[in-house]
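Shown next: target.txt, given as compact mmCIF, C-alpha atoms.
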# COMPACT_ATOMS: atom_id res chain seq x y z
CA MET A 1 -9.82 -6.65 -16.75
CA PHE A 2 -7.75 -3.59 -17.59
CA LEU A 3 -4.72 -1.67 -16.35
CA ILE A 4 -4.99 1.62 -14.49
CA ASN A 5 -2.15 4.08 -14.23
CA CYS A 6 -2.31 5.22 -10.61
CA PRO A 7 -0.99 8.82 -10.47
CA TYR A 8 1.06 7.87 -7.40
CA CYS A 9 2.19 4.24 -7.89
CA GLY A 10 2.16 3.71 -11.64
CA GLU A 11 0.47 1.10 -13.75
CA ARG A 12 -1.44 -1.57 -11.84
CA ASP A 13 -4.10 -4.15 -12.45
CA GLN A 14 -7.71 -3.05 -12.09
CA SER A 15 -8.25 -5.61 -9.30
CA GLU A 16 -6.19 -3.39 -6.98
CA PHE A 17 -8.66 -0.52 -7.39
CA SER A 18 -12.14 0.30 -6.28
CA CYS A 19 -14.52 2.57 -8.19
CA GLY A 20 -16.08 5.32 -6.09
CA GLY A 21 -18.74 6.36 -8.57
CA GLU A 22 -19.33 9.54 -10.50
CA ALA A 23 -16.92 12.45 -9.95
CA HIS A 24 -17.38 16.21 -9.64
CA ILE A 25 -20.70 16.11 -7.82
CA VAL A 26 -20.86 19.34 -5.88
CA ARG A 27 -22.36 19.27 -2.42
CA PRO A 28 -25.09 21.92 -2.03
CA LYS A 29 -23.90 24.89 0.01
CA GLN A 30 -27.07 25.08 2.11
CA PRO A 31 -28.44 21.53 2.49
CA THR A 32 -31.05 22.70 4.99
CA GLU A 33 -32.68 24.91 2.37
CA LEU A 34 -33.21 22.02 -0.05
CA SER A 35 -36.41 20.09 -0.45
CA ASP A 36 -36.37 16.33 0.14
CA ASP A 37 -36.48 15.77 -3.61
CA GLN A 38 -33.52 18.07 -4.25
CA TRP A 39 -31.52 16.42 -1.45
CA ALA A 40 -32.35 12.95 -2.79
CA GLU A 41 -31.33 14.12 -6.23
CA TYR A 42 -27.91 15.17 -4.93
CA LEU A 43 -27.49 12.12 -2.73
CA PHE A 44 -28.67 9.25 -4.90
CA MET A 45 -29.22 10.17 -8.51
CA ARG A 46 -26.32 9.44 -10.85
CA LYS A 47 -26.02 9.66 -14.62
CA ASN A 48 -24.60 6.12 -15.04
CA ILE A 49 -24.10 6.74 -18.72
CA LYS A 50 -22.92 4.32 -21.35
CA GLY A 51 -19.99 6.21 -22.79
CA VAL A 52 -17.37 8.62 -21.48
CA GLN A 53 -17.85 9.23 -17.77
CA PHE A 54 -15.92 11.10 -15.07
CA GLU A 55 -15.32 8.80 -12.11
CA ARG A 56 -13.58 8.68 -8.76
CA TRP A 57 -11.31 5.72 -8.10
CA ASN A 58 -9.38 4.54 -5.07
CA HIS A 59 -6.17 2.52 -5.15
CA VAL A 60 -7.51 0.46 -2.30
CA HIS A 61 -4.92 -2.33 -2.39
CA GLY A 62 -2.00 0.03 -3.01
CA CYS A 63 -1.37 3.58 -1.87
CA ARG A 64 -5.02 4.03 -0.79
CA LYS A 65 -5.20 7.41 -2.54
CA TRP A 66 -8.25 8.71 -4.40
CA PHE A 67 -7.99 10.09 -7.92
CA ASN A 68 -10.23 10.89 -10.88
CA MET A 69 -10.55 9.04 -14.13
CA VAL A 70 -12.25 9.71 -17.46
CA ARG A 71 -13.38 6.32 -18.68
CA ASP A 72 -15.55 5.06 -21.48
CA THR A 73 -17.86 2.67 -19.67
CA SER A 74 -18.79 0.86 -22.87
CA ASN A 75 -15.27 -0.39 -23.63
CA ASP A 76 -13.20 0.52 -20.52
CA LYS A 77 -10.95 2.82 -22.54
CA ILE A 78 -9.29 5.30 -20.18
CA HIS A 79 -9.07 8.83 -21.63
CA ALA A 80 -7.42 10.58 -18.69
CA ILE A 81 -6.37 10.18 -15.07
CA TYR A 82 -5.81 13.14 -12.78
CA LYS A 83 -5.38 13.79 -9.09
CA MET A 84 -8.07 15.01 -6.75
CA GLY A 85 -8.44 18.78 -6.89
CA GLU A 86 -7.03 19.02 -10.41
CA LYS A 87 -9.15 20.15 -13.32
CA PRO A 88 -10.26 17.51 -15.82
CA PRO A 89 -7.76 17.46 -18.70
CA VAL A 90 -10.47 16.63 -21.25
CA GLU A 91 -13.90 18.13 -21.88
CA MET B 1 -8.32 -9.95 21.81
CA LEU B 2 -4.94 -9.95 20.12
CA ASN B 3 -3.01 -13.18 20.44
CA GLN B 4 0.40 -12.03 21.61
CA GLU B 5 2.03 -15.23 20.38
CA TYR B 6 3.53 -15.03 16.91
CA PRO B 7 2.09 -17.50 14.45
CA LYS B 8 3.97 -20.79 14.59
CA PHE B 9 5.51 -20.83 11.13
CA GLU B 10 8.27 -23.36 10.65
CA LYS B 11 11.00 -22.56 8.14
CA HIS B 12 10.39 -24.31 4.82
CA SER B 13 12.71 -25.00 1.93
CA PHE B 14 11.98 -26.12 -1.56
CA GLU B 15 14.24 -26.21 -4.57
CA GLY B 16 15.16 -22.58 -5.28
CA LEU B 17 12.88 -21.28 -2.58
CA GLU B 18 13.12 -20.77 1.16
CA PHE B 19 10.69 -18.98 3.43
CA SER B 20 10.55 -18.27 7.13
CA LEU B 21 8.98 -16.00 9.69
CA SER B 22 11.09 -12.91 10.46
CA GLU B 23 9.91 -11.87 13.88
CA PRO B 24 10.11 -10.02 16.20
CA ILE B 25 10.46 -6.94 14.06
CA THR B 26 9.38 -3.47 15.10
CA LYS B 27 7.26 -1.70 12.49
CA ILE B 28 6.32 1.93 12.79
CA ASN B 29 3.94 3.71 10.47
CA LEU B 30 4.85 7.33 9.73
CA ARG B 31 2.50 9.86 8.20
CA GLY B 32 3.26 13.50 7.62
CA LYS B 33 3.83 16.29 5.13
CA LYS B 34 5.28 19.08 7.22
CA LYS B 35 8.89 20.18 7.02
CA GLU B 36 9.33 19.56 10.75
CA PHE B 37 8.18 15.97 10.27
CA PHE B 38 10.97 15.22 7.79
CA THR B 39 13.54 17.06 9.90
CA LYS B 40 12.68 15.15 13.06
CA ILE B 41 12.62 11.78 11.29
CA GLY B 42 15.96 12.47 9.63
CA LYS B 43 17.47 13.47 12.94
CA MET B 44 16.09 10.61 15.02
CA LEU B 45 16.50 7.76 12.55
CA SER B 46 19.48 9.13 10.63
CA ILE B 47 17.69 8.28 7.44
CA ILE B 48 16.08 10.20 4.59
CA LEU B 49 12.56 9.03 3.85
CA PRO B 50 12.21 7.87 0.22
CA ILE B 51 10.17 10.37 -1.78
CA GLU B 52 10.20 8.41 -5.01
CA PRO B 53 7.22 6.03 -5.30
CA ASN B 54 7.76 2.29 -4.76
CA THR B 55 11.25 2.67 -3.31
CA SER B 56 12.91 2.21 0.06
CA SER B 57 15.93 3.47 1.91
CA SER B 58 18.00 1.71 4.53
CA ASN B 59 20.85 2.26 6.89
CA GLN B 60 22.54 -0.19 9.24
CA LEU B 61 19.61 -0.18 11.65
CA PHE B 62 16.44 0.83 9.85
CA SER B 63 14.61 0.20 6.62
CA THR B 64 11.97 2.65 5.45
CA MET B 65 9.48 1.91 2.72
CA TRP B 66 7.41 4.35 0.66
CA LEU B 67 3.72 3.51 1.01
CA SER B 68 2.08 6.64 -0.37
CA PRO B 69 3.10 10.30 -0.91
CA ASP B 70 2.70 11.03 2.81
CA GLU B 71 3.10 7.62 4.39
CA TRP B 72 6.07 5.36 5.17
CA LEU B 73 6.74 2.19 7.10
CA VAL B 74 9.92 1.88 9.14
CA TYR B 75 11.03 -1.52 10.35
CA PHE B 76 14.01 -2.90 12.18
CA ASN B 77 15.02 -6.06 14.00
CA GLY B 78 14.17 -6.46 17.63
CA GLU B 79 11.95 -4.39 19.84
CA ASP B 80 12.71 -0.82 20.84
CA LYS B 81 9.80 0.86 22.61
CA GLN B 82 11.98 3.85 23.50
CA LEU B 83 12.46 4.78 19.87
CA PHE B 84 8.73 4.71 19.25
CA LYS B 85 8.12 6.80 22.37
CA GLY B 86 10.75 9.29 21.25
CA LEU B 87 9.22 9.63 17.78
CA PHE B 88 5.74 9.88 19.22
CA ASP B 89 6.76 12.57 21.70
CA GLU B 90 8.64 14.60 19.10
CA ILE B 91 6.20 14.31 16.19
CA SER B 92 2.69 13.20 17.13
CA LYS B 93 2.46 15.32 20.26
CA PHE B 94 3.34 18.47 18.29
CA ASN B 95 1.02 17.59 15.39
CA PHE B 96 3.89 17.46 12.90
CA GLY B 97 2.62 14.08 11.73
CA SER B 98 1.36 10.75 12.92
CA ILE B 99 3.42 7.93 14.44
CA VAL B 100 1.76 4.56 14.99
CA ASP B 101 3.37 1.37 16.25
CA VAL B 102 2.03 -1.33 13.92
CA SER B 103 4.40 -4.10 15.06
CA ASP B 104 1.51 -6.28 16.19
CA GLN B 105 -0.59 -5.63 13.09
CA TRP B 106 1.86 -6.85 10.48
CA ILE B 107 3.78 -10.10 10.22
CA CYS B 108 7.01 -10.24 8.26
CA ILE B 109 7.75 -13.32 6.17
CA ASN B 110 11.11 -13.63 4.47
CA ILE B 111 11.19 -15.38 1.09
CA LYS B 112 14.39 -16.00 -0.79
CA GLY B 113 15.70 -18.04 -3.67
CA ILE B 114 15.72 -17.89 -7.43
CA LYS B 115 12.06 -18.89 -7.65
CA THR B 116 10.85 -16.15 -5.32
CA PHE B 117 9.21 -14.09 -8.04
CA ASP B 118 7.78 -17.15 -9.78
CA LEU B 119 5.95 -17.87 -6.54
CA LEU B 120 4.71 -14.30 -6.15
CA SER B 121 3.66 -14.03 -9.79
CA SER B 122 1.50 -17.12 -9.43
CA GLY B 123 -0.82 -15.36 -7.01
CA SER B 124 -0.53 -11.65 -7.69
CA PRO B 125 -1.82 -9.28 -10.39
CA PHE B 126 1.36 -7.19 -10.05
CA ASN B 127 3.92 -7.21 -12.87
CA PHE B 128 7.23 -8.17 -11.23
CA ASN B 129 9.38 -7.81 -14.37
CA ASN B 130 10.95 -4.49 -13.40
CA PHE B 131 10.51 -4.97 -9.69
CA LYS B 132 12.73 -8.04 -9.51
CA GLN B 133 15.63 -6.29 -11.20
CA ASN B 134 15.69 -3.36 -8.78
CA LYS B 135 17.01 -3.84 -5.29
CA ASN B 136 15.23 -1.68 -2.68
CA SER B 137 11.98 -1.56 -4.62
CA VAL B 138 8.72 -1.75 -2.72
CA THR B 139 5.19 -2.52 -3.72
CA GLN B 140 1.82 -2.85 -2.10
CA THR B 141 -0.36 -5.29 -3.94
CA LEU B 142 -2.48 -8.40 -3.59
CA LEU B 143 -1.15 -11.89 -3.07
CA ASN B 144 -3.75 -14.62 -3.09
CA HIS B 145 -6.41 -11.86 -2.58
CA THR B 146 -4.60 -10.62 0.52
CA ASP B 147 -3.10 -7.13 0.97
CA VAL B 148 0.67 -7.34 1.22
CA ILE B 149 3.68 -5.02 1.25
CA ILE B 150 6.70 -6.46 -0.52
CA HIS B 151 10.19 -5.13 0.11
CA HIS B 152 12.84 -6.32 -2.33
CA LYS B 153 15.79 -5.88 0.01
CA GLU B 154 18.32 -7.98 -1.90
CA ILE B 155 18.14 -9.65 -5.28
CA ASN B 156 15.84 -12.68 -4.90
CA ASP B 157 15.40 -11.93 -1.21
CA ILE B 158 12.22 -10.21 -0.12
CA ASN B 159 10.43 -9.30 3.07
CA LEU B 160 6.72 -9.75 2.75
CA PHE B 161 4.46 -7.96 5.22
CA VAL B 162 0.95 -9.28 5.74
CA ARG B 163 -1.70 -8.43 8.30
CA ARG B 164 -1.52 -10.79 11.27
CA SER B 165 -5.07 -12.07 10.85
CA PHE B 166 -4.38 -13.04 7.22
CA SER B 167 -0.90 -14.39 7.84
CA GLU B 168 -1.79 -18.00 8.52
CA ASP B 169 -3.94 -18.26 5.41
CA LEU B 170 -1.23 -16.68 3.27
CA TRP B 171 1.46 -18.86 4.82
CA LEU B 172 -0.52 -21.99 3.94
CA TRP B 173 -0.97 -20.69 0.39
CA ILE B 174 2.77 -20.00 0.07
CA LYS B 175 3.60 -23.48 1.37
CA ASP B 176 1.13 -25.08 -0.98
CA SER B 177 2.07 -23.03 -4.04
CA ALA B 178 5.80 -23.52 -3.52
CA ARG B 179 5.38 -27.23 -4.25
CA PHE B 180 4.22 -26.49 -7.79
CA ILE B 181 6.73 -23.79 -8.77
Give the structure from this file in C-alpha cells form.
Amino acid sequence: MFLINCPYCGERDQSEFSCGGEAHIVRPKQPTELSDDQWAEYLFMRKNIKGVQFERWNHVHGCRKWFNMVRDTSNDKIHAIYKMGEKPPVE
Amino acid sequence: MLNQEYPKFEKHSFEGLEFSLSEPITKINLRGKKKEFFTKIGKMLSIILPIEPNTSSSNQLFSTMWLSPDEWLVYFNGEDKQLFKGLFDEISKFNFGSIVDVSDQWICINIKGIKTFDLLSSGSPFNFNNFKQNKNSVTQTLLNHTDVIIHHKEINDINLFVRRSFSEDLWLWIKDSARFI
C-alpha cells in the first residue's frame, strides 16, 4: 500500500487508483502497413521492468482522470507524477 | 428496470451519530470547459462553480460540488424538471457542455453527529483529518469498497451520495458499523 498524489485531487490511498500499464507507447501512424508481428509488438508487448518505469494511472474512485507516473516497481517509490500530454519531468 | 421507489431507510440514531435518507433531491451532473458553459450556469443557477479541487459552493437553493476539473454535481431539495430542461436546452443543445439528470442514479444519505468522521474513517482509505475541519469540502472516495461522494456541508454534518444499486448494502454497513463506534 502506498499514497499517490493525484495531480487533480491531491494525496490519496493507492486503493483509489487503477494502473493502466506502461506509458508513452506511440500508436503506429499507418497500422495497415504493419506486419502481424509488428502490430502484435505494439499491441501486446510491454517492458514490465523491475525498476523505474513510466506508467499510466487512473484515479478511478476519485476524479476519474488519467495521469502519468514514474514509479520504481521494485519498491513502489514514486519519482514523478505529471498530467497527460505533459513531458516526463525525469529522464 | 429502475425501481422508482426510494429505498426504505428508516432514520437511525446512536450516541453521537444520526443518519437518515435525504430524498427526494434533484442531482444534475454538469460537464464543460467552454466559457459559454460557465456563463450560462452562473446565469441560470446564480452560482459560481467551484474551480478549486475538493470544494463546493452553495446559495440558498443549490449546492454545487467539484468532482473533477471539468465536472460538477449540482443538487437541491425537491424536484424541478423545468430547471433541468432549461439547462439542457441552453447548454447541451448548443454543445457548450453536457447536462445529465442523475437524480435516480444517486441516493443521498445524511449523517450527522460528533462521531460522523469516526464512522467514515472506519471504512474508508481517505484521510479525514483536514476534511473534517473545513466546511464545504468535498471528496470522492471509497466507503466499504463502494464509490461515494461526501459533501461536508456543516461541521459534523455530511451528505453522502452513493449509487442507488449500492445504497442498501452501504446503508446496512453504516447501521452495523455505527454500533461499534
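Near chain A, within 7 Å and counting all atoms listed in the file, the residues of chain B are Pro53, Asn54, Leu67, Ser68, Pro125, Phe126, Gln140, Thr141, Leu142 and Asp147 of chain B.
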Point to revise | Contacts of stretch 37-39 of chain B within 10 Å, only C-alpha atoms, excl. fewer than 5 positions in-chain, as a ChimeraX atom specification | key: /B:30-32,44,46-49,87,90-92,94-98
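In this comparison, which uses all atoms listed in the file, the residue of B:Ile107, B:Glu15, B:Gly42, B:Pro69 approaching A:Trp66 most closely is B:Pro69.
Nearest residue to B:Asp169, choosing from B:Asn156, B:Asn110, B:Asn59, B:Asn144 and counting only C-alpha atoms: B:Asn144.
Between atom CA of A:Ile49 and atom CA of A:Ile25 lies a distance of 14.8 Å.
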Revision key, fill the gap. Between A:Asn48, A:Gln38, A:Gln53, A:Ser18, smallest distance to A:Lys77 by only C-alpha atoms belongs to A:Gln53
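Rounded to one decimal, atom CA of B:Lys27 and atom CA of B:Trp171 lie 19.7 Å from each other.
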Identify, on the basis of only C-alpha atoms, every residue whose closest approach to A:Ile78 does not exceed 9 Å; exclude the query and any residue fewer than 4 positions from it along the same chain; express the result as a short mmCIF file (atom, residue, chain, number, x, y, z; two decimals) with C-alpha atoms, in the frame of the given file.
data_model
loop_
_atom_site.label_atom_id
_atom_site.label_comp_id
_atom_site.auth_asym_id
_atom_site.auth_seq_id
_atom_site.Cartn_x
_atom_site.Cartn_y
_atom_site.Cartn_z
CA ILE A 4 -4.99 1.62 -14.49
CA VAL A 52 -17.37 8.62 -21.48
CA MET A 69 -10.55 9.04 -14.13
CA VAL A 70 -12.25 9.71 -17.46
CA ARG A 71 -13.38 6.32 -18.68
CA ASP A 72 -15.55 5.06 -21.48
CA THR A 73 -17.86 2.67 -19.67
#
Can you list, as an mmCIF file with C-alpha atoms, in the coordinates of the input, every protein, DNA or RNA residue that comes within 12 Å of B:Ser177 when you count all atoms listed in the file, leaving out same-chain residues fewer than 6 positions away?
data_model
loop_
_atom_site.group_PDB
_atom_site.id
_atom_site.type_symbol
_atom_site.label_atom_id
_atom_site.label_comp_id
_atom_site.auth_asym_id
_atom_site.auth_seq_id
_atom_site.Cartn_x
_atom_site.Cartn_y
_atom_site.Cartn_z
ATOM 1 C CA PHE B 14 11.980 -26.120 -1.560
ATOM 2 C CA LEU B 17 12.880 -21.280 -2.580
ATOM 3 C CA LYS B 115 12.060 -18.890 -7.650
ATOM 4 C CA THR B 116 10.850 -16.150 -5.320
ATOM 5 C CA ASP B 118 7.780 -17.150 -9.780
ATOM 6 C CA LEU B 119 5.950 -17.870 -6.540
ATOM 7 C CA LEU B 120 4.710 -14.300 -6.150
ATOM 8 C CA SER B 121 3.660 -14.030 -9.790
ATOM 9 C CA SER B 122 1.500 -17.120 -9.430
ATOM 10 C CA GLY B 123 -0.820 -15.360 -7.010
ATOM 11 C CA LEU B 143 -1.150 -11.890 -3.070
ATOM 12 C CA ASN B 144 -3.750 -14.620 -3.090
ATOM 13 C CA LEU B 170 -1.230 -16.680 3.270
ATOM 14 C CA TRP B 171 1.460 -18.860 4.820
#
For A:His24, please output as a PDB file with C-alpha atoms, in the frame of the given file all residues within 12 Å (counting all atoms listed in the file; exclusion window: fewer than 5 positions along the same chain).
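Saved as result.pdb:
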ATOM      1  CA  TYR A  42     -27.910  15.170  -4.930  1.00  0.00           C
ATOM      2  CA  ARG A  46     -26.320   9.440 -10.850  1.00  0.00           C
ATOM      3  CA  LYS A  47     -26.020   9.660 -14.620  1.00  0.00           C
ATOM      4  CA  GLN A  53     -17.850   9.230 -17.770  1.00  0.00           C
ATOM      5  CA  PHE A  54     -15.920  11.100 -15.070  1.00  0.00           C
ATOM      6  CA  GLU A  55     -15.320   8.800 -12.110  1.00  0.00           C
ATOM      7  CA  ARG A  56     -13.580   8.680  -8.760  1.00  0.00           C
ATOM      8  CA  PHE A  67      -7.990  10.090  -7.920  1.00  0.00           C
ATOM      9  CA  ASN A  68     -10.230  10.890 -10.880  1.00  0.00           C
ATOM     10  CA  MET A  69     -10.550   9.040 -14.130  1.00  0.00           C
ATOM     11  CA  VAL A  70     -12.250   9.710 -17.460  1.00  0.00           C
ATOM     12  CA  MET A  84      -8.070  15.010  -6.750  1.00  0.00           C
ATOM     13  CA  GLY A  85      -8.440  18.780  -6.890  1.00  0.00           C
ATOM     14  CA  GLU A  86      -7.030  19.020 -10.410  1.00  0.00           C
ATOM     15  CA  LYS A  87      -9.150  20.150 -13.320  1.00  0.00           C
ATOM     16  CA  PRO A  88     -10.260  17.510 -15.820  1.00  0.00           C
TER      17      PRO A  88
END
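Interatomic distance, atom CA of B:Phe117 to atom CA of B:Glu5: 29.3 Å.
Among the candidate residues B:Ile41, B:Glu36, B:Phe161, B:Glu10, the one lying nearest to B:Trp106 is B:Phe161, with distances computed using only C-alpha atoms.
Distances here use all atoms listed in the file; by that measure, the residue among A:Leu34, A:Ala23, A:Phe17, A:Leu3 closest to A:Tyr82 is A:Ala23.
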Name all residues at most 9 Å from B:Ile155 (count all atoms listed in the file; drop same-chain ones fewer than 4 positions away) and give them as a short mmCIF file (atom, residue, chain, number, x, y, z; two decimals) with C-alpha atoms, keeping the file's coordinate frame.
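Saved file selection-v8.cif follows:
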data_model
loop_
_atom_site.label_atom_id
_atom_site.label_comp_id
_atom_site.auth_asym_id
_atom_site.auth_seq_id
_atom_site.Cartn_x
_atom_site.Cartn_y
_atom_site.Cartn_z
CA LYS B 112 14.39 -16.00 -0.79
CA GLY B 113 15.70 -18.04 -3.67
CA ILE B 114 15.72 -17.89 -7.43
CA LYS B 132 12.73 -8.04 -9.51
CA GLN B 133 15.63 -6.29 -11.20
CA ASN B 134 15.69 -3.36 -8.78
CA LYS B 135 17.01 -3.84 -5.29
CA ASN B 136 15.23 -1.68 -2.68
#
Extract stretch 116-143 of chain B from the preceding block and save N, CA and C atoms as a CSV table (one decimal), in the first residue's frame.
chain,number,residue,atom,x,y,z
B,116,THR,N,-19.4,11.3,13.3
B,116,THR,CA,-19.6,11.1,11.9
B,116,THR,C,-18.3,10.7,11.2
B,117,PHE,N,-17.2,11.4,11.5
B,117,PHE,CA,-15.9,11.0,10.8
B,117,PHE,C,-15.2,9.8,11.4
B,118,ASP,N,-15.6,9.5,12.6
B,118,ASP,CA,-15.1,8.2,13.2
B,118,ASP,C,-15.7,7.0,12.4
B,119,LEU,N,-17.0,7.2,12.1
B,119,LEU,CA,-17.7,6.2,11.3
B,119,LEU,C,-17.1,6.1,9.9
B,120,LEU,N,-16.9,7.2,9.2
B,120,LEU,CA,-16.4,7.2,7.9
B,120,LEU,C,-15.0,6.6,7.8
B,121,SER,N,-14.2,7.0,8.8
B,121,SER,CA,-12.8,6.6,8.9
B,121,SER,C,-12.7,5.1,9.0
B,122,SER,N,-13.7,4.5,9.6
B,122,SER,CA,-13.6,3.0,9.9
B,122,SER,C,-13.7,2.2,8.6
B,123,GLY,N,-14.2,2.9,7.5
B,123,GLY,CA,-14.4,2.1,6.3
B,123,GLY,C,-13.9,2.7,5.1
B,124,SER,N,-13.0,3.7,5.2
B,124,SER,CA,-12.5,4.5,4.1
B,124,SER,C,-11.0,4.7,4.1
B,125,PRO,N,-10.3,4.6,3.0
B,125,PRO,CA,-8.9,4.9,2.9
B,125,PRO,C,-8.6,6.3,3.0
B,126,PHE,N,-9.6,7.2,2.9
B,126,PHE,CA,-9.4,8.6,2.8
B,126,PHE,C,-9.0,9.2,4.2
B,127,ASN,N,-8.0,10.2,4.2
B,127,ASN,CA,-7.6,10.8,5.4
B,127,ASN,C,-8.5,12.0,5.7
B,128,PHE,N,-9.4,11.9,6.7
B,128,PHE,CA,-10.4,12.9,7.0
B,128,PHE,C,-9.9,14.0,7.9
B,129,ASN,N,-8.6,14.0,8.3
B,129,ASN,CA,-8.1,15.0,9.3
B,129,ASN,C,-8.3,16.4,8.9
B,130,ASN,N,-7.9,16.8,7.6
B,130,ASN,CA,-8.2,18.1,7.2
B,130,ASN,C,-9.6,18.4,6.7
B,131,PHE,N,-10.1,17.3,6.1
B,131,PHE,CA,-11.5,17.4,5.6
B,131,PHE,C,-12.5,17.8,6.6
B,132,LYS,N,-12.4,17.2,7.8
B,132,LYS,CA,-13.4,17.4,8.8
B,132,LYS,C,-13.4,18.8,9.4
B,133,GLN,N,-12.2,19.5,9.2
B,133,GLN,CA,-12.1,20.9,9.8
B,133,GLN,C,-12.6,21.9,8.8
B,134,ASN,N,-12.8,21.6,7.6
B,134,ASN,CA,-13.2,22.5,6.5
B,134,ASN,C,-14.6,22.3,6.1
B,135,LYS,N,-15.5,23.2,6.4
B,135,LYS,CA,-16.9,23.2,5.9
B,135,LYS,C,-16.8,23.4,4.4
B,136,ASN,N,-17.8,22.8,3.7
B,136,ASN,CA,-17.9,22.9,2.2
B,136,ASN,C,-16.8,22.1,1.5
B,137,SER,N,-16.1,21.3,2.2
B,137,SER,CA,-15.2,20.4,1.4
B,137,SER,C,-15.9,19.2,0.9
B,138,VAL,N,-15.3,18.7,-0.2
B,138,VAL,CA,-16.0,17.6,-0.9
B,138,VAL,C,-14.9,16.5,-1.2
B,139,THR,N,-15.3,15.3,-1.2
B,139,THR,CA,-14.3,14.3,-1.6
B,139,THR,C,-15.1,13.1,-2.3
B,140,GLN,N,-14.4,12.5,-3.2
B,140,GLN,CA,-14.9,11.3,-3.8
B,140,GLN,C,-14.0,10.2,-3.4
B,141,THR,N,-14.5,9.2,-2.8
B,141,THR,CA,-13.6,8.1,-2.3
B,141,THR,C,-14.3,6.8,-2.2
B,142,LEU,N,-13.8,5.9,-1.4
B,142,LEU,CA,-14.4,4.6,-1.2
B,142,LEU,C,-14.9,4.5,0.2
B,143,LEU,N,-16.0,4.0,0.4
B,143,LEU,CA,-16.5,3.7,1.8
B,143,LEU,C,-17.0,2.3,1.7
